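Down below is the structure, laid out as structure tokens.
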Amino acid sequence: MSSSQLLSVDLTVRLMNVCQHVMAAALTTVGAVRAVLDGVPVLVAIVSGLALVSWHTAGSLLPARYRSTRFAAVWLVGFALIWLVTVAISAEFVSVAFLLWLLAGHLLPVRWGLVFSALVLGVVILTPILHDGSTSYANIFGPTIGGVFAFGVSLGYLQLLRDAVTREELVASLTKAQAEMSELHDELARTQRHSGMIAERTRISRDIHDTVAQALSSIKLLAHVGSKRTEDRDAARTLSQVESMASESLADVRRIVAALVPAQLEDGALAVALQRMCTRLSDEHGIDVVLQVDHSLPVLPTNVEVALLRTAQSALANVRQHAEATHVVMSVIDAVDAVRLDLVDDGRGFDIAEWEQSSGHSSVNFGLGFMRDRLRELGGELDIESAPGRGTAISASLPIHLPSKAVDVEVIP
């Protein structure tokens with residue numbers, strides 16, 4: 001739903017609230033005026049009307065934290081009791097029953113709302129008999145039809161509110177997912193730059209090792225052998241100097257190679273990106289996160305790495321927002337023809353059966369559903385194990401299809 005549609009729903013809800021207050025004031029005013037015309041003292045009629053309007057208005061002015069379901073039921077019962085007193089004073093106040101039926105459908109569960117509405121209808125039907133000693137079919141069928149209509153309208157209003165809340169949650173979830181996707185794209189761009197730097201440093205280090213280092217090693221060996229075989233002292237001294245210089249140069253070359261090699265051999269691109277996510281979660285939220293990556297993990301295709309990174313990001317987002325965990329272990333496992341990403345937390349967990357059966361309006365449902373769909377598109381699968389109070393374990397598996405030019409680079413956590 002677009003922002004303009006959400007604004008339209010919000011305006012509709014506000015308009016209905018205003019109409020409810022206008023209706024309360026109008027019905028009460030009409031009842032009070034007709035009560036005065038029917039012989040009720042003016043002061044009594046005014047006090048009765050003000051009591052109804054004041055109680056109705058007070059319920060809407062209270063802070064939202066006090067508007068729980070239990071409070072709403074108590075407030076509605078109080079409103080009904082005040083209405084009973086006014087009806088006892090004058091039968092003209094029965095028209096306020098229409099407002100009670102509206103509120104019953106909105107504030108009470110359907111079963112209790114029907115019971116409450118039936119009691120109100122009974123009072124409406126009995127009031128003319130108690131006041132005038134007789135009634136008519138109009139006094140029976142008119143309120144019955146009006147009550148059914150009002151109760152139905154209130155249920156529709158309640159459904160509109162629920163739909164608005166659900167759509168707002170969906171829009172918020174999609175907006176958040178879009179922001180996370182943008183963040184992931186930035187993460188992938190950094191990872192690709194880092195991966196390109198690693199590949200270039202690896203190539204340079206290998207070239208130096210295979211050319212300059214090997215040549216210096218050969219020069220050192222030849223100079224050493226030559227100095228032992230020659231009887232010419234000057235030649236032997238020169239060869240010794242050559243051997244010493246070659247040895248020093250070889251040591252320098254090896255230091256250069258050592259400075260280039262460890263960075264790319266100790267950290268793979270995927271491991272670096274995952275470690276960055278884990279470190280951020282630990283620093284920002286105080287959650288102990290451990291990353292474990294198999295040493296034998298090969299270079300992965302780009303689409304597989306993207307899927308694993310997105311899955312890890314969504315899983316860590318769920319941990320941050322819903323799990324209330326203190327410890328998380330993430331593992332990237334080489335499963336021969338597949339790669340597996342496991343994430344285990346010690347959080348509050350959830351009911352798997354309930355999640356599987358739900359339509360999925362919460363962010364955690366959307367997140368897990370998106371993860372599973374993404375993995376299945378690549379021939380993978382998502383397995384989830386969880387129980388309330390026992391943490392959650394997520395295992396994402398993907399088949400490995402290595403590109404033809406893949407280079408075997410060992411990734412160490």
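Ligands are numbered from 1 in the order shown, residues from 1 within each chain, and chains are lettered A, B, ... in the order they appear in the structure tokens.
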Long-range neighbours of Val85 of chain A as a ChimeraX atom specification, 9 Å cut-off, only C-alpha atoms, 5 positions minimum in chain: /A:48,80,90
Export all heavy atoms of the chosen residues as a short mmCIF file (atom, residue, chain, number, x, y, z; two decimals), in the first residue's frame?
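Saved file part_30.cif follows:
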```
data_model
loop_
_atom_site.label_atom_id
_atom_site.label_comp_id
_atom_site.auth_asym_id
_atom_site.auth_seq_id
_atom_site.Cartn_x
_atom_site.Cartn_y
_atom_site.Cartn_z
N SER A 48 -28.64 14.31 33.03
CA SER A 48 -28.60 12.97 32.43
C SER A 48 -27.82 12.99 31.12
O SER A 48 -26.97 12.14 30.86
CB SER A 48 -30.02 12.45 32.20
OG SER A 48 -30.74 12.37 33.42
N ALA A 80 -23.00 1.79 29.85
CA ALA A 80 -24.32 1.15 29.80
C ALA A 80 -25.10 1.38 31.09
O ALA A 80 -26.32 1.59 31.06
CB ALA A 80 -24.15 -0.35 29.54
N SER A 90 -36.21 8.62 31.69
CA SER A 90 -37.07 8.90 30.55
C SER A 90 -36.82 7.88 29.45
O SER A 90 -35.66 7.56 29.13
CB SER A 90 -36.80 10.30 29.99
OG SER A 90 -37.53 10.51 28.78
#
```
Non-local contacts of Phe350 of chain A (6 Å; only C-alpha atoms; under 3 positions in same chain excluded) as a VMD selection string: chain A and resid 386 to 388
Long-range neighbours of segment 222-233 of chain A as a PyMOL selection string, 12 Å cut-off, only C-alpha atoms, 3 positions minimum in chain: chain A and resi 215-219+236-247
Take the residues that were just selected and, keeping C-alpha atoms, output them as a PDB file, in the first residue's frame.
```
ATOM      1  CA  ALA A 215      66.388 -16.428  -9.329  1.00  0.00           C
ATOM      2  CA  LEU A 216      68.007 -15.035  -6.153  1.00  0.00           C
ATOM      3  CA  SER A 217      67.952 -18.477  -4.589  1.00  0.00           C
ATOM      4  CA  SER A 218      69.725 -19.909  -7.649  1.00  0.00           C
ATOM      5  CA  ILE A 219      72.310 -17.098  -7.650  1.00  0.00           C
ATOM      6  CA  ALA A 236      86.272 -16.648  -3.991  1.00  0.00           C
ATOM      7  CA  ARG A 237      85.866 -13.368  -2.082  1.00  0.00           C
ATOM      8  CA  THR A 238      83.736 -11.881  -4.915  1.00  0.00           C
ATOM      9  CA  LEU A 239      81.564 -14.994  -5.063  1.00  0.00           C
ATOM     10  CA  SER A 240      81.109 -14.856  -1.281  1.00  0.00           C
ATOM     11  CA  GLN A 241      80.023 -11.242  -1.585  1.00  0.00           C
ATOM     12  CA  VAL A 242      77.583 -12.223  -4.358  1.00  0.00           C
ATOM     13  CA  GLU A 243      76.245 -15.024  -2.160  1.00  0.00           C
ATOM     14  CA  SER A 244      75.812 -12.625   0.783  1.00  0.00           C
ATOM     15  CA  MET A 245      74.051 -10.003  -1.339  1.00  0.00           C
ATOM     16  CA  ALA A 246      71.799 -12.639  -2.899  1.00  0.00           C
ATOM     17  CA  SER A 247      70.994 -13.969   0.582  1.00  0.00           C
TER      18      SER A 247
END
```
Segment 252-367 of chain A: residues DSSP assigns to alpha helix (DSSP H), reported as a VMD selection string: chain A and resid 252 to 266 269 to 285 302 to 318 352 to 357 363 to 367
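Using only C-alpha atoms, the smallest distance between any of A:Ala73, A:Val94, A:Trp101, A:Thr302 and Leu126 of chain A comes from A:Val94.
Rounded to one decimal, atom CA of Ser331 of chain A and atom CA of Val344 of chain A lie 8.8 Å from each other.
Proximity ranking of A:Asp38, A:Asp186, A:Glu168, A:Glu356 relative to Ile89 of chain A places A:Asp38 first, based on only C-alpha atoms.
From atom CA of Leu382 of chain A back to atom CA of Ala396 of chain A, the distance works out to 4.6 Å.
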Test item, strand (DSSP E or B) assignment across segment 155-303 of chain A, answer as a ChimeraX atom specification: /A:288-293
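By only C-alpha atoms, and with residues fewer than 5 positions from Ser54 of chain A along its chain excluded, the set lying at most 12 Å from it is His21, Ala24, Ala25, Thr28, Ile46, Val47, Ser48, Gly49, Gly59, Ser60, Leu61, Gly78, Phe79, Ile82 and Trp83 of chain A.
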Restricted to all heavy atoms, what would the selected residues look like written as a compact mmCIF listing (two decimals), in the first residue's frame?
```txt
# COMPACT_ATOMS: atom_id res chain seq x y z
N HIS A 21 -18.43 10.68 17.90
CA HIS A 21 -18.65 11.71 18.91
C HIS A 21 -19.85 12.60 18.55
O HIS A 21 -20.64 12.97 19.43
CB HIS A 21 -17.40 12.56 19.09
CG HIS A 21 -16.28 11.85 19.79
ND1 HIS A 21 -16.27 11.63 21.14
CD2 HIS A 21 -15.14 11.28 19.31
CE1 HIS A 21 -15.16 10.98 21.48
NE2 HIS A 21 -14.47 10.75 20.38
N ALA A 24 -22.93 10.63 19.37
CA ALA A 24 -23.20 10.59 20.81
C ALA A 24 -23.85 11.89 21.27
O ALA A 24 -24.84 11.88 22.02
CB ALA A 24 -21.89 10.34 21.57
N ALA A 25 -23.29 13.02 20.80
CA ALA A 25 -23.85 14.31 21.20
C ALA A 25 -25.26 14.50 20.65
O ALA A 25 -26.17 14.99 21.35
CB ALA A 25 -22.94 15.44 20.71
N THR A 28 -27.83 12.08 22.39
CA THR A 28 -28.07 12.52 23.77
C THR A 28 -28.90 13.80 23.81
O THR A 28 -29.82 13.95 24.63
CB THR A 28 -26.72 12.73 24.49
OG1 THR A 28 -25.96 11.53 24.43
CG2 THR A 28 -26.95 13.10 25.95
N ILE A 46 -30.92 17.65 31.62
CA ILE A 46 -29.59 18.16 31.25
C ILE A 46 -28.49 17.36 31.95
O ILE A 46 -27.49 16.99 31.33
CB ILE A 46 -29.48 19.66 31.59
CG1 ILE A 46 -30.41 20.48 30.69
CG2 ILE A 46 -28.05 20.13 31.45
CD1 ILE A 46 -30.45 21.96 31.03
N VAL A 47 -28.66 17.10 33.24
CA VAL A 47 -27.66 16.33 33.99
C VAL A 47 -27.52 14.93 33.39
O VAL A 47 -26.40 14.40 33.25
CB VAL A 47 -28.04 16.26 35.48
CG1 VAL A 47 -27.14 15.26 36.21
CG2 VAL A 47 -27.93 17.63 36.12
N SER A 48 -28.64 14.31 33.03
CA SER A 48 -28.60 12.97 32.43
C SER A 48 -27.82 12.99 31.12
O SER A 48 -26.97 12.14 30.86
CB SER A 48 -30.02 12.45 32.20
OG SER A 48 -30.74 12.37 33.42
N GLY A 49 -28.15 13.98 30.28
CA GLY A 49 -27.45 14.08 29.00
C GLY A 49 -25.97 14.35 29.17
O GLY A 49 -25.12 13.75 28.48
N GLY A 59 -13.69 8.44 27.81
CA GLY A 59 -13.04 7.22 27.31
C GLY A 59 -12.10 7.48 26.15
O GLY A 59 -11.08 6.81 26.01
N SER A 60 -12.41 8.46 25.32
CA SER A 60 -11.55 8.76 24.17
C SER A 60 -10.39 9.67 24.52
O SER A 60 -9.39 9.73 23.78
CB SER A 60 -12.38 9.41 23.06
OG SER A 60 -12.91 10.65 23.50
N LEU A 61 -10.48 10.37 25.65
CA LEU A 61 -9.41 11.31 26.03
C LEU A 61 -8.31 10.66 26.86
O LEU A 61 -7.24 11.23 27.02
CB LEU A 61 -10.00 12.48 26.83
CG LEU A 61 -10.95 13.41 26.06
CD1 LEU A 61 -11.46 14.52 26.97
CD2 LEU A 61 -10.24 14.00 24.84
N GLY A 78 -19.71 0.64 32.25
CA GLY A 78 -20.05 1.88 32.98
C GLY A 78 -20.95 2.79 32.15
O GLY A 78 -21.91 3.38 32.67
N PHE A 79 -20.66 2.89 30.87
CA PHE A 79 -21.48 3.70 29.98
C PHE A 79 -22.91 3.13 29.91
O PHE A 79 -23.90 3.89 29.94
CB PHE A 79 -20.85 3.73 28.59
CG PHE A 79 -21.48 4.71 27.64
CD1 PHE A 79 -21.97 5.93 28.09
CD2 PHE A 79 -21.57 4.42 26.29
CE1 PHE A 79 -22.54 6.84 27.21
CE2 PHE A 79 -22.14 5.33 25.41
CZ PHE A 79 -22.63 6.54 25.86
N ILE A 82 -24.85 3.99 33.15
CA ILE A 82 -25.34 5.38 33.13
C ILE A 82 -26.54 5.48 32.20
O ILE A 82 -27.54 6.16 32.50
CB ILE A 82 -24.21 6.34 32.68
CG1 ILE A 82 -23.08 6.33 33.72
CG2 ILE A 82 -24.74 7.75 32.48
CD1 ILE A 82 -21.89 7.16 33.32
N TRP A 83 -26.46 4.81 31.06
CA TRP A 83 -27.58 4.82 30.12
C TRP A 83 -28.84 4.21 30.75
O TRP A 83 -29.95 4.72 30.55
CB TRP A 83 -27.17 4.06 28.86
CG TRP A 83 -28.30 3.84 27.90
CD1 TRP A 83 -28.90 4.76 27.10
CD2 TRP A 83 -28.98 2.60 27.64
NE1 TRP A 83 -29.89 4.20 26.35
CE2 TRP A 83 -29.96 2.85 26.66
CE3 TRP A 83 -28.83 1.31 28.12
CZ2 TRP A 83 -30.80 1.86 26.18
CZ3 TRP A 83 -29.65 0.31 27.62
CH2 TRP A 83 -30.63 0.59 26.67
```
Contact residues around Ala32 of chain A with only C-alpha atoms at 9 Å, ignoring same-chain residues under 2 positions, as number ranges by chain: A: 27-30, 34-37, 40, 42, 44-46, 48-49, 90, 92-93
Take the selection from the previous step and output its residues with N, CA and C atoms, as a short mmCIF file (atom, residue, chain, number, x, y, z; two decimals), in the first residue's frame.
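The file below, out_31.cif, is the result:
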```cif
data_model
loop_
_atom_site.label_atom_id
_atom_site.label_comp_id
_atom_site.auth_asym_id
_atom_site.auth_seq_id
_atom_site.Cartn_x
_atom_site.Cartn_y
_atom_site.Cartn_z
N LEU A 27 -27.55 12.13 19.62
CA LEU A 27 -28.53 11.23 20.23
C LEU A 27 -28.87 11.66 21.66
N THR A 28 -27.83 12.08 22.39
CA THR A 28 -28.07 12.52 23.77
C THR A 28 -28.90 13.80 23.81
N THR A 29 -28.59 14.74 22.92
CA THR A 29 -29.34 16.00 22.87
C THR A 29 -30.80 15.77 22.53
N VAL A 30 -31.02 14.93 21.50
CA VAL A 30 -32.40 14.61 21.10
C VAL A 30 -33.15 13.96 22.26
N ARG A 34 -36.41 15.66 24.12
CA ARG A 34 -37.69 14.95 24.11
C ARG A 34 -38.11 14.57 25.53
N ALA A 35 -37.12 14.32 26.41
CA ALA A 35 -37.46 14.03 27.81
C ALA A 35 -38.09 15.24 28.46
N VAL A 36 -37.54 16.44 28.18
CA VAL A 36 -38.12 17.69 28.73
C VAL A 36 -39.54 17.87 28.21
N LEU A 37 -39.74 17.64 26.90
CA LEU A 37 -41.08 17.77 26.32
C LEU A 37 -42.05 16.74 26.88
N VAL A 40 -40.14 15.65 31.93
CA VAL A 40 -39.01 15.49 32.84
C VAL A 40 -38.46 16.87 33.17
N VAL A 42 -36.18 20.03 33.57
CA VAL A 42 -35.08 20.42 32.67
C VAL A 42 -33.72 20.08 33.27
N VAL A 44 -32.89 17.81 35.43
CA VAL A 44 -32.66 16.35 35.44
C VAL A 44 -32.28 15.88 34.04
N ALA A 45 -32.98 16.37 33.02
CA ALA A 45 -32.69 15.97 31.64
C ALA A 45 -31.29 16.42 31.22
N ILE A 46 -30.92 17.65 31.62
CA ILE A 46 -29.59 18.16 31.25
C ILE A 46 -28.49 17.36 31.95
N SER A 48 -28.64 14.31 33.03
CA SER A 48 -28.60 12.97 32.43
C SER A 48 -27.82 12.99 31.12
N GLY A 49 -28.15 13.98 30.28
CA GLY A 49 -27.45 14.08 29.00
C GLY A 49 -25.97 14.35 29.17
N SER A 90 -36.21 8.62 31.69
CA SER A 90 -37.07 8.90 30.55
C SER A 90 -36.82 7.88 29.45
N GLU A 92 -37.12 8.36 26.45
CA GLU A 92 -36.59 9.03 25.26
C GLU A 92 -35.09 8.80 25.08
N PHE A 93 -34.40 8.37 26.13
CA PHE A 93 -32.95 8.14 26.03
C PHE A 93 -32.62 6.76 25.43
#
```
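The interatomic distance for the pair atom CA of Gly31 of chain A and atom CA of Val110 of chain A works out to 28.4 Å.
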Among the residues A:Ala271, A:Ile394, A:Leu102, A:Leu108, the one that comes closest to Thr191 of chain A [using only C-alpha atoms]: A:Ala271
Shell of 9 Å around Val290 of chain A, only C-alpha atoms, local chain residues under 2 positions omitted, as a PyMOL selection string: chain A and resi 275+278+288+292+327-331
From A:Glu187, A:Val272, A:His56, A:Leu221, residue lying nearest Val293 of chain A [only C-alpha atoms]: A:Val272
